[in-house]
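Below is query-v3.cif, which holds mmCIF, C-alpha atoms and all ligand atoms.
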data_my_file
#
loop_
_atom_site.group_PDB
_atom_site.id
_atom_site.type_symbol
_atom_site.label_atom_id
_atom_site.label_comp_id
_atom_site.auth_asym_id
_atom_site.auth_seq_id
_atom_site.Cartn_x
_atom_site.Cartn_y
_atom_site.Cartn_z
ATOM 1 C CA MET A 10 0.000 0.000 0.000
ATOM 2 C CA GLU A 11 1.265 3.484 -0.865
ATOM 3 C CA PHE A 12 0.679 6.358 1.488
ATOM 4 C CA SER A 13 0.829 10.087 0.844
ATOM 5 C CA GLU A 14 3.187 12.326 2.807
ATOM 6 C CA LYS A 15 0.225 13.558 4.867
ATOM 7 C CA GLU A 16 -0.692 9.990 5.738
ATOM 8 C CA ILE A 17 2.864 9.072 6.664
ATOM 9 C CA ALA A 18 3.428 11.973 9.047
ATOM 10 C CA PRO A 19 0.210 13.516 10.415
ATOM 11 C CA LEU A 20 2.060 14.636 13.586
ATOM 12 C CA ALA A 21 4.710 17.380 13.711
ATOM 13 C CA ASN A 22 6.859 14.824 15.551
ATOM 14 C CA LEU A 23 6.426 11.590 17.498
ATOM 15 C CA GLU A 24 6.350 13.333 20.862
ATOM 16 C CA VAL A 25 2.991 14.876 20.025
ATOM 17 C CA TRP A 26 1.449 11.432 20.501
ATOM 18 C CA GLU A 27 3.141 10.943 23.869
ATOM 19 C CA ASP A 28 2.244 14.428 25.073
ATOM 20 C CA ASP A 29 -1.339 13.608 24.201
ATOM 21 C CA ILE A 30 -1.348 10.483 26.379
ATOM 22 C CA LEU A 31 -0.612 12.793 29.287
ATOM 23 C CA LEU A 32 -3.846 14.645 28.580
ATOM 24 C CA ARG A 33 -5.757 11.372 28.750
ATOM 25 C CA TYR A 34 -3.924 10.090 31.798
ATOM 26 C CA PRO A 35 -2.825 13.135 33.802
ATOM 27 C CA GLU A 36 -0.464 12.406 36.649
ATOM 28 C CA ASN A 37 -2.136 11.540 39.978
ATOM 29 C CA ALA A 38 -5.597 11.999 38.508
ATOM 30 C CA PRO A 39 -8.218 9.622 37.154
ATOM 31 C CA ALA A 40 -8.287 9.131 33.393
ATOM 32 C CA LYS A 41 -10.283 11.782 31.595
ATOM 33 C CA SER A 42 -13.655 10.731 30.245
ATOM 34 C CA LYS A 43 -14.030 10.587 26.465
ATOM 35 C CA GLU A 44 -15.903 13.878 26.497
ATOM 36 C CA GLU A 45 -13.405 15.662 28.722
ATOM 37 C CA TYR A 46 -10.560 14.353 26.629
ATOM 38 C CA ARG A 47 -12.139 15.421 23.313
ATOM 39 C CA ASN A 48 -12.939 18.862 24.625
ATOM 40 C CA TYR A 49 -9.457 19.515 25.846
ATOM 41 C CA ASP A 50 -8.392 22.758 24.243
ATOM 42 C CA ASN A 51 -5.114 22.096 22.521
ATOM 43 C CA PRO A 52 -3.966 23.187 19.058
ATOM 44 C CA GLU A 53 -2.332 19.810 18.430
ATOM 45 C CA ARG A 54 -5.584 17.971 19.043
ATOM 46 C CA ASP A 55 -6.556 17.836 15.356
ATOM 47 C CA THR A 56 -3.276 16.237 14.301
ATOM 48 C CA VAL A 57 -3.627 13.606 17.021
ATOM 49 C CA ARG A 58 -7.164 12.822 15.925
ATOM 50 C CA GLU A 59 -6.003 12.474 12.339
ATOM 51 C CA PHE A 60 -3.159 10.244 13.507
ATOM 52 C CA TYR A 61 -5.616 7.863 15.208
ATOM 53 C CA ARG A 62 -7.981 7.950 12.245
ATOM 54 C CA LEU A 63 -5.184 6.636 10.032
ATOM 55 C CA ASN A 64 -3.947 4.163 12.669
ATOM 56 C CA HIS A 65 -7.382 2.665 13.196
ATOM 57 C CA LYS A 66 -8.172 2.512 9.493
ATOM 58 C CA TYR A 67 -4.970 0.887 8.293
ATOM 59 C CA GLN A 68 -3.852 -1.383 11.153
ATOM 60 C CA THR A 69 -5.588 -4.529 9.939
ATOM 61 C CA TYR A 70 -4.765 -8.151 10.631
ATOM 62 C CA ASP A 71 -3.205 -8.458 7.172
ATOM 63 C CA PHE A 72 -1.219 -5.236 7.553
ATOM 64 C CA VAL A 73 0.289 -6.548 10.801
ATOM 65 C CA LYS A 74 1.223 -9.881 9.210
ATOM 66 C CA GLN A 75 2.863 -8.040 6.332
ATOM 67 C CA LYS A 76 4.894 -5.790 8.652
ATOM 68 C CA GLN A 77 5.969 -8.781 10.725
ATOM 69 C CA SER A 78 7.340 -10.536 7.675
ATOM 70 C CA GLU A 79 8.985 -7.342 6.465
ATOM 71 C CA PHE A 80 10.722 -6.329 9.698
ATOM 72 C CA LEU A 81 11.180 -9.437 11.823
ATOM 73 C CA LYS A 82 13.844 -10.794 9.515
ATOM 74 C CA PHE A 83 16.081 -8.056 10.962
ATOM 75 C CA ASN A 84 17.973 -7.771 7.710
ATOM 76 C CA LYS A 85 17.959 -3.970 7.376
ATOM 77 C CA THR A 86 21.130 -3.034 9.215
ATOM 78 C CA GLU A 87 23.307 -3.911 12.178
ATOM 79 C CA MET A 88 24.834 -1.446 14.636
ATOM 80 C CA PRO A 89 26.214 -1.031 18.152
ATOM 81 C CA ILE A 90 23.430 -0.035 20.540
ATOM 82 C CA TRP A 91 25.043 3.276 21.370
ATOM 83 C CA GLU A 92 24.989 4.121 17.675
ATOM 84 C CA ALA A 93 21.310 3.193 17.553
ATOM 85 C CA PHE A 94 20.625 5.847 20.200
ATOM 86 C CA ASP A 95 22.348 8.430 18.008
ATOM 87 C CA PHE A 96 20.387 7.170 15.035
ATOM 88 C CA LEU A 97 17.151 7.474 17.002
ATOM 89 C CA ASN A 98 17.994 11.022 17.900
ATOM 90 C CA THR A 99 17.889 12.084 14.273
ATOM 91 C CA LEU A 100 14.114 11.829 14.767
ATOM 92 C CA VAL A 101 14.161 15.161 16.551
ATOM 93 C CA ASP A 102 12.291 17.674 14.477
ATOM 94 C CA ASP A 103 14.722 20.484 13.576
ATOM 95 C CA SER A 104 11.881 22.830 12.767
ATOM 96 C CA ASP A 105 10.784 22.848 16.394
ATOM 97 C CA PRO A 106 13.327 24.621 18.628
ATOM 98 C CA ASP A 107 11.154 23.955 21.680
ATOM 99 C CA THR A 108 11.667 20.227 21.530
ATOM 100 C CA SER A 109 14.005 20.266 24.467
ATOM 101 C CA LEU A 110 13.451 16.609 25.215
ATOM 102 C CA ASP A 111 14.712 14.569 22.343
ATOM 103 C CA GLN A 112 14.189 10.837 22.076
ATOM 104 C CA TRP A 113 17.445 10.047 23.799
ATOM 105 C CA GLN A 114 16.654 12.351 26.705
ATOM 106 C CA HIS A 115 13.290 10.641 27.170
ATOM 107 C CA LEU A 116 14.976 7.248 27.402
ATOM 108 C CA LEU A 117 17.614 8.476 29.815
ATOM 109 C CA GLN A 118 15.103 10.280 32.018
ATOM 110 C CA THR A 119 12.963 7.171 32.186
ATOM 111 C CA SER A 120 15.880 4.918 33.116
ATOM 112 C CA GLU A 121 17.301 7.411 35.635
ATOM 113 C CA ALA A 122 13.924 7.702 37.379
ATOM 114 C CA ILE A 123 13.759 3.896 37.624
ATOM 115 C CA ARG A 124 17.323 3.764 38.939
ATOM 116 C CA ALA A 125 16.632 6.472 41.528
ATOM 117 C CA ASP A 126 13.845 4.301 42.947
ATOM 118 C CA GLY A 127 16.259 1.445 43.539
ATOM 119 C CA HIS A 128 14.835 -1.051 41.034
ATOM 120 C CA PRO A 129 16.874 -3.971 39.619
ATOM 121 C CA ASP A 130 19.323 -3.151 36.851
ATOM 122 C CA TRP A 131 17.324 -4.958 34.128
ATOM 123 C CA PHE A 132 14.394 -2.632 34.956
ATOM 124 C CA VAL A 133 16.706 0.370 34.522
ATOM 125 C CA LEU A 134 17.898 -1.076 31.221
ATOM 126 C CA THR A 135 14.296 -1.506 30.104
ATOM 127 C CA GLY A 136 13.738 2.204 30.685
ATOM 128 C CA LEU A 137 16.748 2.988 28.549
ATOM 129 C CA LEU A 138 15.699 0.733 25.687
ATOM 130 C CA HIS A 139 11.913 0.812 25.657
ATOM 131 C CA ASP A 140 11.406 3.241 22.748
ATOM 132 C CA MET A 141 14.339 2.184 20.604
ATOM 133 C CA GLY A 142 11.924 0.502 18.202
ATOM 134 C CA LYS A 143 11.021 3.995 17.015
ATOM 135 C CA VAL A 144 13.917 3.683 14.588
ATOM 136 C CA LEU A 145 11.169 2.215 12.366
ATOM 137 C CA CYS A 146 10.390 5.821 11.464
ATOM 138 C CA LEU A 147 13.859 6.193 10.034
ATOM 139 C CA PHE A 148 13.110 3.332 7.670
ATOM 140 C CA GLY A 149 10.302 5.471 6.234
ATOM 141 C CA GLU A 150 7.422 3.830 8.095
ATOM 142 C CA PRO A 151 4.268 5.911 8.692
ATOM 143 C CA GLN A 152 4.027 7.370 12.203
ATOM 144 C CA TRP A 153 0.831 5.419 12.901
ATOM 145 C CA ALA A 154 2.743 2.177 12.253
ATOM 146 C CA VAL A 155 5.468 3.158 14.742
ATOM 147 C CA VAL A 156 3.744 4.835 17.692
ATOM 148 C CA GLY A 157 0.197 5.102 19.036
ATOM 149 C CA ASP A 158 -1.791 2.970 21.445
ATOM 150 C CA THR A 159 -1.535 -0.690 20.460
ATOM 151 C CA PHE A 160 -4.397 -3.202 20.415
ATOM 152 C CA PRO A 161 -5.015 -6.813 19.388
ATOM 153 C CA VAL A 162 -5.823 -7.411 15.727
ATOM 154 C CA GLY A 163 -7.888 -10.389 14.587
ATOM 155 C CA CYS A 164 -10.732 -9.825 17.046
ATOM 156 C CA LYS A 165 -13.258 -7.137 17.952
ATOM 157 C CA HIS A 166 -11.873 -3.660 18.612
ATOM 158 C CA SER A 167 -12.743 -2.603 22.138
ATOM 159 C CA ASP A 168 -14.602 0.666 22.585
ATOM 160 C CA LYS A 169 -12.077 1.360 25.366
ATOM 161 C CA ILE A 170 -9.438 2.052 22.699
ATOM 162 C CA VAL A 171 -8.924 5.768 22.185
ATOM 163 C CA TYR A 172 -11.008 7.145 19.256
ATOM 164 C CA SER A 173 -12.514 3.690 18.768
ATOM 165 C CA GLU A 174 -15.201 5.058 16.412
ATOM 166 C CA TYR A 175 -12.515 5.278 13.707
ATOM 167 C CA PHE A 176 -12.383 1.483 13.526
ATOM 168 C CA GLU A 177 -15.506 1.718 11.393
ATOM 169 C CA ALA A 178 -13.207 2.388 8.452
ATOM 170 C CA ASN A 179 -11.054 -0.665 9.241
ATOM 171 C CA PRO A 180 -11.965 -3.535 6.868
ATOM 172 C CA ASP A 181 -11.521 -6.053 9.729
ATOM 173 C CA ALA A 182 -14.518 -4.530 11.517
ATOM 174 C CA GLN A 183 -16.686 -5.747 8.607
ATOM 175 C CA ASP A 184 -14.958 -9.144 8.356
ATOM 176 C CA GLU A 185 -16.680 -11.873 10.334
ATOM 177 C CA ARG A 186 -13.415 -13.747 10.868
ATOM 178 C CA PHE A 187 -12.161 -10.789 12.889
ATOM 179 C CA ASN A 188 -15.099 -8.856 14.310
ATOM 180 C CA THR A 189 -16.295 -11.131 17.114
ATOM 181 C CA LYS A 190 -15.188 -10.946 20.741
ATOM 182 C CA TYR A 191 -12.548 -13.681 20.265
ATOM 183 C CA GLY A 192 -12.098 -13.520 16.478
ATOM 184 C CA VAL A 193 -9.251 -15.851 15.466
ATOM 185 C CA TYR A 194 -8.335 -16.528 19.141
ATOM 186 C CA GLU A 195 -9.504 -18.817 21.942
ATOM 187 C CA PRO A 196 -10.669 -17.556 25.345
ATOM 188 C CA ASN A 197 -7.675 -16.821 27.603
ATOM 189 C CA CYS A 198 -5.284 -18.169 24.972
ATOM 190 C CA GLY A 199 -2.490 -15.935 26.269
ATOM 191 C CA LEU A 200 -1.107 -12.798 24.625
ATOM 192 C CA LYS A 201 1.780 -14.798 23.204
ATOM 193 C CA ASN A 202 -0.798 -16.131 20.731
ATOM 194 C CA VAL A 203 -2.281 -12.714 19.992
ATOM 195 C CA ASP A 204 -1.050 -10.381 17.265
ATOM 196 C CA MET A 205 -0.893 -6.753 18.308
ATOM 197 C CA SER A 206 -1.136 -3.738 16.012
ATOM 198 C CA TRP A 207 2.278 -3.076 14.532
ATOM 199 C CA GLY A 208 4.659 -0.564 16.098
ATOM 200 C CA HIS A 209 7.802 0.154 18.076
ATOM 201 C CA ASP A 210 6.779 -2.056 21.019
ATOM 202 C CA GLU A 211 6.519 -5.348 19.144
ATOM 203 C CA TYR A 212 9.523 -4.581 16.946
ATOM 204 C CA LEU A 213 11.869 -3.979 19.893
ATOM 205 C CA TYR A 214 10.453 -6.937 21.824
ATOM 206 C CA GLN A 215 11.307 -9.256 18.939
ATOM 207 C CA MET A 216 14.771 -7.692 18.688
ATOM 208 C CA VAL A 217 15.753 -8.265 22.328
ATOM 209 C CA LYS A 218 13.571 -11.203 23.406
ATOM 210 C CA ASP A 219 16.513 -13.566 23.955
ATOM 211 C CA TYR A 220 18.401 -11.241 26.280
ATOM 212 C CA LEU A 221 16.141 -9.828 28.994
ATOM 213 C CA PRO A 222 13.994 -11.253 31.818
ATOM 214 C CA GLN A 223 10.289 -11.901 31.156
ATOM 215 C CA GLU A 224 9.206 -8.901 33.216
ATOM 216 C CA ALA A 225 11.334 -6.576 31.103
ATOM 217 C CA LEU A 226 10.051 -8.123 27.891
ATOM 218 C CA TYR A 227 6.439 -7.571 28.910
ATOM 219 C CA MET A 228 7.155 -3.929 29.711
ATOM 220 C CA ILE A 229 8.733 -3.456 26.287
ATOM 221 C CA ARG A 230 6.118 -5.379 24.342
ATOM 222 C CA TYR A 231 2.968 -3.936 25.932
ATOM 223 C CA HIS A 232 3.887 -0.466 27.173
ATOM 224 C CA SER A 233 1.562 1.204 24.599
ATOM 225 C CA PHE A 234 -1.291 -1.272 25.184
ATOM 226 C CA TYR A 235 -3.317 1.284 27.171
ATOM 227 C CA ALA A 236 -6.599 -0.518 26.432
ATOM 228 C CA GLN A 237 -5.333 -3.283 28.697
ATOM 229 C CA HIS A 238 -2.890 -1.851 31.218
ATOM 230 C CA ARG A 239 -5.094 1.192 31.906
ATOM 231 C CA GLU A 240 -8.573 0.064 30.776
ATOM 232 C CA ASN A 241 -8.537 -3.719 31.288
ATOM 233 C CA ALA A 242 -10.442 -4.318 28.045
ATOM 234 C CA TYR A 243 -8.770 -7.539 26.902
ATOM 235 C CA GLU A 244 -8.473 -9.721 29.970
ATOM 236 C CA HIS A 245 -10.495 -12.388 28.119
ATOM 237 C CA LEU A 246 -7.465 -13.050 25.912
ATOM 238 C CA MET A 247 -4.923 -13.170 28.745
ATOM 239 C CA ASP A 248 -3.665 -16.226 30.610
ATOM 240 C CA GLU A 249 -2.508 -16.308 34.232
ATOM 241 C CA HIS A 250 1.094 -15.587 33.280
ATOM 242 C CA ASP A 251 0.044 -12.466 31.342
ATOM 243 C CA LYS A 252 -1.951 -11.243 34.317
ATOM 244 C CA ALA A 253 1.018 -11.630 36.642
ATOM 245 C CA MET A 254 3.389 -9.964 34.187
ATOM 246 C CA PHE A 255 1.073 -7.010 33.596
ATOM 247 C CA GLU A 256 1.770 -5.898 37.138
ATOM 248 C CA TRP A 257 5.204 -5.003 35.756
ATOM 249 C CA VAL A 258 3.766 -3.266 32.731
ATOM 250 C CA LYS A 259 1.709 -1.140 35.122
ATOM 251 C CA LYS A 260 4.736 -0.478 37.283
ATOM 252 C CA PHE A 261 6.660 0.725 34.253
ATOM 253 C CA ASN A 262 4.012 3.072 32.811
ATOM 254 C CA PRO A 263 4.385 6.002 35.266
ATOM 255 C CA TYR A 264 8.122 6.130 34.538
ATOM 256 C CA ASP A 265 7.349 6.366 30.838
ATOM 257 C CA LEU A 266 4.732 9.096 31.240
ATOM 258 C CA TYR A 267 5.764 11.194 34.187
ATOM 259 C CA SER A 268 9.539 11.197 34.431
ATOM 260 C CA LYS A 269 10.327 14.414 32.593
ATOM 261 C CA LEU A 270 12.884 16.231 34.712
ATOM 262 C CA PRO A 271 13.422 19.999 34.518
ATOM 263 C CA THR A 272 17.142 19.576 33.953
ATOM 264 C CA PRO A 273 18.200 16.984 31.411
ATOM 265 C CA PRO A 274 20.515 14.242 32.683
ATOM 266 C CA ASP A 275 24.215 14.605 31.947
ATOM 267 C CA THR A 276 24.673 12.128 29.132
ATOM 268 C CA GLN A 277 28.459 12.078 29.195
ATOM 269 C CA ALA A 278 28.686 11.498 32.939
ATOM 270 C CA LEU A 279 26.193 8.642 32.761
ATOM 271 C CA LYS A 280 27.682 6.951 29.737
ATOM 272 C CA PRO A 281 30.076 4.567 31.546
ATOM 273 C CA TYR A 282 27.315 3.228 33.807
ATOM 274 C CA TYR A 283 25.006 2.576 30.877
ATOM 275 C CA GLN A 284 27.708 1.099 28.691
ATOM 276 C CA ASP A 285 28.426 -1.466 31.413
ATOM 277 C CA LEU A 286 24.721 -2.162 31.806
ATOM 278 C CA LEU A 287 24.241 -2.693 28.077
ATOM 279 C CA ALA A 288 27.273 -4.980 27.959
ATOM 280 C CA LYS A 289 25.918 -7.053 30.849
ATOM 281 C CA TYR A 290 22.707 -8.034 29.047
ATOM 282 C CA LEU A 291 23.023 -7.409 25.330
ATOM 283 C CA PRO A 292 25.408 -8.319 22.500
ATOM 284 C CA ALA A 293 27.746 -5.601 21.208
ATOM 285 C CA THR A 294 25.601 -4.999 18.137
ATOM 286 C CA LEU A 295 21.921 -5.436 17.396
ATOM 287 C CA LYS A 296 20.292 -6.341 14.095
ATOM 288 C CA PHE A 297 17.544 -4.044 12.841
HETATM 289 FE FE FE A 301 6.966 3.885 23.642
HETATM 290 FE FE FE A 302 8.502 6.119 26.152
#
Target encoding structure tokens, full file:
Amino acid sequence: MEFSEKEIAPLANLEVWEDDILLRYPENAPAKSKEEYRNYDNPERDTVREFYRLNHKYQTYDFVKQKQSEFLKFNKTEMPIWEAFDFLNTLVDDSDPDTSLDQWQHLLQTSEAIRADGHPDWFVLTGLLHDMGKVLCLFGEPQWAVVGDTFPVGCKHSDKIVYSEYFEANPDAQDERFNTKYGVYEPNCGLKNVDMSWGHDEYLYQMVKDYLPQEALYMIRYHSFYAQHRENAYEHLMDEHDKAMFEWVKKFNPYDLYSKLPTPPDTQALKPYYQDLLAKYLPATLKF
């Protein structure tokens, strides 16, 4: 499928999506109701709505299968992880001088907040890595196939998913193989048997799945699955192991959303610590 420039990049930059999650889930406050959220006065609101319209229209079961076969061969490039962070940072939008928190700063702030709370080192490492899958954007992928809330494909779209009315334009919603409660799945079959909408979460999970503890892998794989970790809309697909592991996904989420510090961490000073941490768990280079 070919997409126009407008369809590839509806947002000024990827952070617009993450800033918007904060409007839906403000710190230390209950989630905003649909109406409150829609009425929130914010000039970026229209681009976010357009972003979800495209996401919900195009993220079909077949689209996900196609992206899996395209990207999970990991035959695009290979690089040291530190280089991948630099690569990721080229995502910063030069036209926006106010983007003080680039992608790398977000990762470092997340990991430093986890470290400050005394969590195990693999949890800290998870904070550092969790958004690295966003390099998909640098391979020319549309923003809505890199970021955005994720959800299961192959079964009914929950109305707990943000802007769920846009699923009307998704062909799967009209396809009786996919539009029932369980669709192609069995009750409580476990998320390992469930395909999620395609994006940076699944891509990075597949990249690092042999190297990190289960808890870390769940945090990476499902951190954008707000319909479950915030709204509990898909428990009928989860097994007991998923339910136990989602406690970690929930533990991770506040670090992802709320760890923006006023002064950015000193990258150079922190580099030796993180280089040792990366070397402890991961190979010297990763395949993308
Ligand atoms: Fe993310
Ligand atoms: Fe993040």
Quick one: contact table of chain A to ligand FE 302 (chain A), 12 Å max, nearest atom pair and distance in Å to one decimal per residue, counting only C-alpha atoms and all ligand atoms, chain and number order, as CSV?
residue,atom,partner,partner_atom,distance
A:Leu23,CA,A:FE302,FE,10.4
A:Glu24,CA,A:FE302,FE,9.2
A:Trp26,CA,A:FE302,FE,10.5
A:Glu27,CA,A:FE302,FE,7.6
A:Asp28,CA,A:FE302,FE,10.5
A:Ile30,CA,A:FE302,FE,10.8
A:Leu31,CA,A:FE302,FE,11.7
A:Leu110,CA,A:FE302,FE,11.6
A:Asp111,CA,A:FE302,FE,11.2
A:Gln112,CA,A:FE302,FE,8.4
A:Trp113,CA,A:FE302,FE,10.0
A:Gln114,CA,A:FE302,FE,10.3
A:His115,CA,A:FE302,FE,6.7
A:Leu116,CA,A:FE302,FE,6.7
A:Leu117,CA,A:FE302,FE,10.1
A:Gln118,CA,A:FE302,FE,9.8
A:Thr119,CA,A:FE302,FE,7.6
A:Ser120,CA,A:FE302,FE,10.2
A:Thr135,CA,A:FE302,FE,10.4
A:Gly136,CA,A:FE302,FE,8.0
A:Leu137,CA,A:FE302,FE,9.1
A:Leu138,CA,A:FE302,FE,9.0
A:His139,CA,A:FE302,FE,6.3
A:Asp140,CA,A:FE302,FE,5.3
A:Met141,CA,A:FE302,FE,9.0
A:Gly142,CA,A:FE302,FE,10.3
A:Lys143,CA,A:FE302,FE,9.7
A:Val156,CA,A:FE302,FE,9.8
A:Gly157,CA,A:FE302,FE,11.0
A:Asp158,CA,A:FE302,FE,11.7
A:His209,CA,A:FE302,FE,10.1
A:Asp210,CA,A:FE302,FE,9.8
A:Met228,CA,A:FE302,FE,10.7
A:Ile229,CA,A:FE302,FE,9.6
A:Arg230,CA,A:FE302,FE,11.9
A:Tyr231,CA,A:FE302,FE,11.5
A:His232,CA,A:FE302,FE,8.1
A:Ser233,CA,A:FE302,FE,8.6
A:Phe261,CA,A:FE302,FE,9.9
A:Asn262,CA,A:FE302,FE,8.6
A:Pro263,CA,A:FE302,FE,10.0
A:Tyr264,CA,A:FE302,FE,8.4
A:Asp265,CA,A:FE302,FE,4.8
A:Leu266,CA,A:FE302,FE,7.0
A:Tyr267,CA,A:FE302,FE,9.9
A:Ser268,CA,A:FE302,FE,9.8
A:Lys269,CA,A:FE302,FE,10.7
Distance of atom CA of Tyr34 of chain A from atom CA of Phe234 of chain A, expressed in Å to one decimal place: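 Distance reported for this atom pair: 13.4 Å.
Across the structure, atom CA of Val144 of chain A and atom CA of Pro89 of chain A are spaced 13.6 Å apart.
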Minimum-distance residue to ligand FE 301 (chain A), chosen among A:Glu121, A:Gly208, A:Asn84, A:Glu44 (using all atoms listed in the file): A:Gly208
Residues returned when the PyMOL selection byres (((chain A and resi 85-88) around 7) and not hetatm) runs on this file, as a compact mmCIF listing (two decimals) with C-alpha atoms, keeping the file's coordinate frame:
# COMPACT_ATOMS: atom_id res chain seq x y z
CA PHE A 83 16.08 -8.06 10.96
CA ASN A 84 17.97 -7.77 7.71
CA PRO A 89 26.21 -1.03 18.15
CA ILE A 90 23.43 -0.04 20.54
CA GLU A 92 24.99 4.12 17.68
CA ALA A 93 21.31 3.19 17.55
CA THR A 294 25.60 -5.00 18.14
CA LEU A 295 21.92 -5.44 17.40
CA LYS A 296 20.29 -6.34 14.10
CA PHE A 297 17.54 -4.04 12.84
Nearest to Asp181 of chain A, chosen from A:Ser206, A:Tyr235, A:Asp168, A:Lys66, with all atoms listed in the file counted in the distances: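 Comparing A:Ser206, A:Tyr235, A:Asp168, A:Lys66 against Asp181 of chain A, the winner is A:Lys66.
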Explicit residues for the PyMOL selection byres (((chain A and resi 237-251) around 7) and not hetatm) (as JSON, numbers by chain): {"A": [167, 169, 196, 197, 198, 199, 200, 234, 235, 236, 252, 253, 254, 255, 258, 259]}
Suppose we keep C-alpha atoms; can you now write the selection as a compact mmCIF listing (two decimals), in the coordinates of the input?
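Produced file out04.txt, reproduced below:
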# COMPACT_ATOMS: atom_id res chain seq x y z
CA SER A 167 -12.74 -2.60 22.14
CA LYS A 169 -12.08 1.36 25.37
CA PRO A 196 -10.67 -17.56 25.34
CA ASN A 197 -7.68 -16.82 27.60
CA CYS A 198 -5.28 -18.17 24.97
CA GLY A 199 -2.49 -15.94 26.27
CA LEU A 200 -1.11 -12.80 24.62
CA PHE A 234 -1.29 -1.27 25.18
CA TYR A 235 -3.32 1.28 27.17
CA ALA A 236 -6.60 -0.52 26.43
CA LYS A 252 -1.95 -11.24 34.32
CA ALA A 253 1.02 -11.63 36.64
CA MET A 254 3.39 -9.96 34.19
CA PHE A 255 1.07 -7.01 33.60
CA VAL A 258 3.77 -3.27 32.73
CA LYS A 259 1.71 -1.14 35.12
Distance of atom CA of Glu211 of chain A from atom CA of Leu286 of chain A, expressed in Å to one decimal place: 22.4 Å
Nearest to ligand FE 301 (chain A), chosen from A:Phe94, A:Met10, A:Gly192, A:Leu213, with all atoms listed in the file counted in the distances: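 Result for the nearest residue to ligand FE 301 (chain A): A:Leu213.
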Nearest residue to Gln215 of chain A from the set A:Cys164, A:Leu81, A:Ala122, A:Leu134 (distances using all atoms listed in the file):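 The answer is A:Leu81, which sits nearest to Gln215 of chain A.
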